[in-house]
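J.: Quick one: the structure is below, questions incoming.
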Amino acid sequence: MKNLFFVLLIFVRVIASSTFCPSSLTFNVLSYGATGNGHTDDTQAFLKAWKDVCGATRNYVKLLIPDNKMFLLQPLSFKGPCNPATIEVLLEGTVTAPERVGVWKFLDNRRKWIQFSDISGLVMKGGGQIDGQGAAWWNSNDVSNRPTALHFHNCKDVRLSSIHHKNSPRNHISIDTCNSLEISHIHITAPEESPNTDGIDISGSSNIFIHSSHIQTGDDCIAINSGTSSVNISDIFCGPGHGISIGSLGRNGEDARVEEIYVRNCTFVGTSNGVRVKTWRGGRGYARKIRFEDIKVVGVKQPVIIDQEYSSVEMESERSAVKISEVSYRNVKGTSSSDSAVELSCDPNVGCSEILMEDISITKEDGSVATASCTNAHGTSSHCNPIVPCLN
Ligand SMILES: *[C@@H]1O[C@H](CO)[C@@H](O)[C@H](O)[C@H]1NC(C)=O
Ligand SMILES: *[C@@H]1O[C@H](CO)[C@@H](O)[C@H](O)[C@H]1NC(C)=O
């Protein structure tokens, strides 16, 4: 009798927490004890729900974070590998980090807030919000300890869309060691003065598609770092912020490899850089096969920049550099808020080669002529205003 009661109880709970349909099952965090009142720590409830989601013997499973609720979460890690071929995290409500720096409880010193790792087949969407509560961190002296808000590590086939992500203590989304990932229709916001609040950072990953999104933060909108290849970025509105960056690469002698990057139809408004490739002295490796197309700049301080002199400290041992080649710029138009439209500052030993510029038209904001400068850059150009002296 007691057993029967127990079985019934489980049955009722499954009914309560899930929507049955032939192949999908929904797990609602509220059924695992989450309060969603914005004050009570709901971390354990999320982890319990994740355990069932990850272990479910279904093909397609949903983790529901419902609308009109705010869930306070401490740093937590959603780990795979999981049973379902696809897990959908349906973020309809808000998840928020602790408001005060002192109450964050980190997992073994990893400075991440929400982490997904070792997962294949993850969809995150739902129109909800992720609030990193960064303000307290930006003001604290503890700069190096500021955490990343959302981290994807060792993931495959991830799709992230329709999320508003704001005020990370550090970078908003970091992607490392992932293959096949798409981010679209997201909105990332943090104040222009907030330090190191990159929108999306990518390293060690390939087959990445980021499109149709607004990124307005205090640092790079998107930064592409070492070990990354096959990245398409399109239809991005960036600003304020530091623009879209390849690098910085080659720090501390790093052997950096970045290739097949395609940035298309992006708009930069009031950013410090538009499209930038930056490397440190002393690094090795390459950044190559990079295309920037249909780029609009409005009041951007350095619309087009390659910067290989990233470190101002010159050392004898730092004779090497990351090799930059096959970089093309087509149809880049708009205005610069400084004198500079194009700056190609390449390393004296390694240089930049096969740089192509076509249909460039950038003036100063008052309509007067902006400048283009080059050091150690080689390649060709046509229809450029201003004329790029080293490319012909
Ligand atoms: C990037 O775009 C190219 C050309 O349009 C396409 O062939 C490739 O599959 C795309 N890759 C990704 C990862 O979106
Ligand atoms: C360029 O991006 C904007 C959004 O920023 C989009 O509305 C437009 O359709 C895109 N154009 C092309 C040709 O892809």
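Labeling convention for the structure tokens: chains A, B, ... as they appear, residues from 1 per chain, ligands from 1 in order of appearance.
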Give me the residues within 10 Å of Ser345 (chain A) as a ChimeraX atom specification, counting only C-alpha atoms and dropping any in the same chain fewer than 5 places off.
T.: /A:278,305-310,351-352,373-377
J.: Suppose we keep C-alpha atoms; can you now write the selection as a JSON list (two decimals), in the first residue's frame?
T.:
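What ended up in part.json:
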[["chain", "number", "residue", "atom", "x", "y", "z"],
["A", 278, "LYS", "CA", 45.43, 42.97, -33.09],
["A", 305, "ILE", "CA", 42.77, 48.84, -37.95],
["A", 306, "ILE", "CA", 45.48, 46.22, -37.93],
["A", 307, "ASP", "CA", 47.64, 46.65, -34.89],
["A", 308, "GLN", "CA", 50.72, 44.48, -34.46],
["A", 309, "GLU", "CA", 52.39, 46.71, -31.98],
["A", 310, "TYR", "CA", 49.96, 45.96, -29.28],
["A", 351, "GLY", "CA", 54.61, 42.22, -41.93],
["A", 352, "CYS", "CA", 51.09, 41.82, -43.27],
["A", 373, "SER", "CA", 48.38, 55.02, -42.87],
["A", 374, "CYS", "CA", 50.42, 51.89, -43.29],
["A", 375, "THR", "CA", 53.57, 50.37, -41.94],
["A", 376, "ASN", "CA", 54.88, 47.11, -43.40],
["A", 377, "ALA", "CA", 51.58, 46.23, -45.05]]
J.: Find the residues near region 209-213 of chain A: any atom within 6 Å, counting only C-alpha atoms, skip ones fewer than 3 places away on the same chain, and give them as a ChimeraX atom specification.
T.: /A:182-187,231-236
J.: May I have the residues from that selection written out with C-alpha atoms, as an mmCIF file, in the first residue's frame?
T.:
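See part-v7.cif below for the written result:
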data_model
loop_
_atom_site.group_PDB
_atom_site.id
_atom_site.type_symbol
_atom_site.label_atom_id
_atom_site.label_comp_id
_atom_site.auth_asym_id
_atom_site.auth_seq_id
_atom_site.Cartn_x
_atom_site.Cartn_y
_atom_site.Cartn_z
ATOM 1 C CA GLU A 182 24.889 29.526 -33.650
ATOM 2 C CA ILE A 183 23.958 32.693 -31.816
ATOM 3 C CA SER A 184 21.175 34.878 -33.168
ATOM 4 C CA HIS A 185 18.628 37.476 -32.148
ATOM 5 C CA ILE A 186 20.264 38.229 -28.863
ATOM 6 C CA HIS A 187 20.670 41.564 -27.202
ATOM 7 C CA VAL A 231 33.386 31.899 -38.095
ATOM 8 C CA ASN A 232 30.620 33.849 -39.838
ATOM 9 C CA ILE A 233 29.364 37.042 -38.283
ATOM 10 C CA SER A 234 26.579 38.986 -39.967
ATOM 11 C CA ASP A 235 23.853 41.534 -39.353
ATOM 12 C CA ILE A 236 25.310 42.744 -36.079
#
J.: Nearest residue to ligand 1 out of A:Val263, A:Ile175, A:Ile295, A:Val53, using only C-alpha atoms and all ligand atoms?
T.: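 Result for the nearest residue to ligand 1: A:Val263.
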J.: Phe106 (chain A): which residues within 12 Å, counting only C-alpha atoms, same-chain residues fewer than 6 positions away excluded, as an MDAnalysis selection string?
T.: chainID A and resid 73:77 97:98 112:115 145:148
J.: Which residue is closest to ligand 2? Choose from A:Cys266, A:Leu160, A:Val277, A:Cys221 and count only C-alpha atoms and all ligand atoms.
T.: A:Cys266
J.: Using only C-alpha atoms, which of A:Gly239, A:Gly80, A:Pro303, A:Gly285 sits nearest Thr189 (chain A)?
T.: A:Gly239
J.: Calculated over only C-alpha atoms, which of the candidates A:Lys62, A:Arg100, A:Lys69, A:Lys296 has the smallest distance to Trp50 (chain A)?
T.: A:Lys62
J.: Could you go through region 101-219 of chain A and tell me which residues DSSP, when run on the backbone, assigns to strand (DSSP E), listing them as a VMD selection string?
T.: chain A and resid 112 to 125 129 to 131 148 to 166 173 to 176 179 to 189 200 to 203 206 to 216
J.: Can you tell me which residues surround Ser144 (chain A) at a distance of at most 12 Å, considering only C-alpha atoms, apart from same-chain residues fewer than 2 positions away, and format the answer as number ranges by chain?
T.: A: 111, 137-138, 140-142, 146-148, 169-170, 195-196
J.: Would you list the contacts of Asn331 (chain A) as number ranges by chain, taking every protein, DNA or RNA residue within 7 Å and counting only C-alpha atoms, but skipping same-chain residues closer than 6 positions in sequence?
T.: A: 293-295, 358-360
J.: Okay, now the selection with C-alpha atoms, as a PDB file, in the first residue's frame?
T.:
ATOM      1  CA  GLU A 293      32.310  43.031 -46.157  1.00  0.00           C
ATOM      2  CA  ASP A 294      29.495  45.587 -46.184  1.00  0.00           C
ATOM      3  CA  ILE A 295      30.578  47.360 -43.052  1.00  0.00           C
ATOM      4  CA  GLU A 358      37.962  47.651 -52.266  1.00  0.00           C
ATOM      5  CA  ASP A 359      35.245  50.303 -52.144  1.00  0.00           C
ATOM      6  CA  ILE A 360      36.277  52.034 -48.977  1.00  0.00           C
TER       7      ILE A 360
END
J.: Any idea what's packed within 10 Å of Gly334 (chain A), counting only C-alpha atoms, ignoring anything in its chain fewer than 3 positions away? Could you give it as a PyMOL selection string?
T.: chain A and resi 267-269+295-300+303+331+341+360-365+367
J.: Kindly give the distance, in Å, that separates CA of Asn179 (chain A) and CA of Ile208 (chain A), rounded to a single decimal.
T.: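 That distance, rounded to one decimal, is 7.2 Å.
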J.: List as a list of chain:residue names the protein and nucleic acid residues near Ser180 (chain A), meaning an atom at most 9 Å away when only C-alpha atoms are counted, but skip any in the same chain fewer than 6 places from it.
T.: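 Everything that qualifies: A:Cys155, A:Lys156, A:Asp157, A:Val158, A:Arg159, A:Ser205, A:Ser206, A:Asn207, A:Ile208, A:Phe209.
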J.: Keeping only all heavy atoms, write those residues as an mmCIF file, in the first residue's frame.
T.:
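Output file selection11.cif is given in full below:
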data_model
loop_
_atom_site.group_PDB
_atom_site.id
_atom_site.type_symbol
_atom_site.label_atom_id
_atom_site.label_comp_id
_atom_site.auth_asym_id
_atom_site.auth_seq_id
_atom_site.Cartn_x
_atom_site.Cartn_y
_atom_site.Cartn_z
ATOM 1 N N CYS A 155 31.529 22.128 -26.164
ATOM 2 C CA CYS A 155 30.151 21.905 -26.595
ATOM 3 C C CYS A 155 30.084 21.673 -28.099
ATOM 4 O O CYS A 155 30.977 22.067 -28.840
ATOM 5 C CB CYS A 155 29.303 23.131 -26.262
ATOM 6 S SG CYS A 155 29.027 23.313 -24.505
ATOM 7 N N LYS A 156 29.014 21.036 -28.500
ATOM 8 C CA LYS A 156 28.811 20.767 -29.919
ATOM 9 C C LYS A 156 27.339 20.997 -30.245
ATOM 10 O O LYS A 156 26.479 20.648 -29.448
ATOM 11 C CB LYS A 156 29.174 19.307 -30.191
ATOM 12 C CG LYS A 156 29.263 18.953 -31.636
ATOM 13 C CD LYS A 156 29.876 17.552 -31.783
ATOM 14 C CE LYS A 156 29.857 17.148 -33.243
ATOM 15 N NZ LYS A 156 28.480 16.937 -33.727
ATOM 16 N N ASP A 157 27.096 21.594 -31.393
ATOM 17 C CA ASP A 157 25.719 21.855 -31.832
ATOM 18 C C ASP A 157 24.901 22.624 -30.783
ATOM 19 O O ASP A 157 23.984 22.086 -30.166
ATOM 20 C CB ASP A 157 25.002 20.540 -32.188
ATOM 21 C CG ASP A 157 25.719 19.809 -33.306
ATOM 22 O OD1 ASP A 157 26.271 20.496 -34.181
ATOM 23 O OD2 ASP A 157 25.746 18.569 -33.283
ATOM 24 N N VAL A 158 25.291 23.859 -30.622
ATOM 25 C CA VAL A 158 24.616 24.729 -29.657
ATOM 26 C C VAL A 158 23.914 25.853 -30.422
ATOM 27 O O VAL A 158 24.482 26.418 -31.355
ATOM 28 C CB VAL A 158 25.636 25.349 -28.671
ATOM 29 C CG1 VAL A 158 24.962 26.361 -27.739
ATOM 30 C CG2 VAL A 158 26.320 24.259 -27.858
ATOM 31 N N ARG A 159 22.680 26.147 -30.058
ATOM 32 C CA ARG A 159 21.978 27.292 -30.645
ATOM 33 C C ARG A 159 21.431 28.174 -29.549
ATOM 34 O O ARG A 159 20.705 27.712 -28.675
ATOM 35 C CB ARG A 159 20.841 26.825 -31.561
ATOM 36 C CG ARG A 159 21.345 26.464 -32.958
ATOM 37 C CD ARG A 159 20.206 26.145 -33.892
ATOM 38 N NE ARG A 159 19.551 24.900 -33.487
ATOM 39 C CZ ARG A 159 18.238 24.703 -33.511
ATOM 40 N NH1 ARG A 159 17.419 25.679 -33.891
ATOM 41 N NH2 ARG A 159 17.738 23.548 -33.148
ATOM 42 N N SER A 205 37.586 27.310 -31.096
ATOM 43 C CA SER A 205 36.312 26.785 -31.587
ATOM 44 C C SER A 205 36.201 26.921 -33.101
ATOM 45 O O SER A 205 36.905 27.702 -33.719
ATOM 46 C CB SER A 205 35.164 27.546 -30.922
ATOM 47 O OG SER A 205 35.176 27.320 -29.529
ATOM 48 N N SER A 206 35.283 26.158 -33.673
ATOM 49 C CA SER A 206 35.079 26.285 -35.110
ATOM 50 C C SER A 206 33.621 26.116 -35.487
ATOM 51 O O SER A 206 32.809 25.617 -34.701
ATOM 52 C CB SER A 206 35.949 25.291 -35.870
ATOM 53 O OG SER A 206 35.783 24.025 -35.327
ATOM 54 N N ASN A 207 33.316 26.550 -36.723
ATOM 55 C CA ASN A 207 31.939 26.527 -37.234
ATOM 56 C C ASN A 207 30.978 27.307 -36.335
ATOM 57 O O ASN A 207 30.049 26.763 -35.746
ATOM 58 C CB ASN A 207 31.450 25.086 -37.428
ATOM 59 C CG ASN A 207 32.344 24.332 -38.388
ATOM 60 O OD1 ASN A 207 32.586 24.804 -39.485
ATOM 61 N ND2 ASN A 207 32.871 23.209 -37.945
ATOM 62 N N ILE A 208 31.254 28.573 -36.270
ATOM 63 C CA ILE A 208 30.471 29.467 -35.417
ATOM 64 C C ILE A 208 29.726 30.460 -36.312
ATOM 65 O O ILE A 208 30.302 31.027 -37.231
ATOM 66 C CB ILE A 208 31.403 30.273 -34.466
ATOM 67 C CG1 ILE A 208 32.389 29.362 -33.729
ATOM 68 C CG2 ILE A 208 30.590 31.138 -33.505
ATOM 69 C CD1 ILE A 208 31.803 28.467 -32.699
ATOM 70 N N PHE A 209 28.461 30.651 -36.045
ATOM 71 C CA PHE A 209 27.641 31.574 -36.831
ATOM 72 C C PHE A 209 26.930 32.510 -35.859
ATOM 73 O O PHE A 209 26.124 32.068 -35.036
ATOM 74 C CB PHE A 209 26.650 30.749 -37.662
ATOM 75 C CG PHE A 209 25.817 31.548 -38.631
ATOM 76 C CD1 PHE A 209 26.203 32.802 -39.075
ATOM 77 C CD2 PHE A 209 24.634 31.002 -39.131
ATOM 78 C CE1 PHE A 209 25.437 33.523 -39.983
ATOM 79 C CE2 PHE A 209 23.851 31.711 -40.041
ATOM 80 C CZ PHE A 209 24.250 32.975 -40.459
#
J.: Which one of A:Asn265, A:Thr26, A:Ser272, A:Ser325 sits closest to ligand 2 if you count only C-alpha atoms and all ligand atoms?
T.: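 Comparing A:Asn265, A:Thr26, A:Ser272, A:Ser325 against ligand 2, the winner is A:Asn265.
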J.: How many Å lie between atom 10 (C, counted along the ligand's line) of ligand 2 and CA of Ile224 (chain A), rounded to one decimal?
T.: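 Result for atom 10 (C, counted along the ligand's line) of ligand 2 versus CA of Ile224 (chain A): 21.8 Å, one decimal.
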J.: Which one of A:Gly199, A:Ile215, A:Leu181, A:Arg251 sits closest to ligand 1 if you count only C-alpha atoms and all ligand atoms?
T.: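 When distances to ligand 1 are compared using only C-alpha atoms and all ligand atoms, the smallest one comes from A:Leu181.
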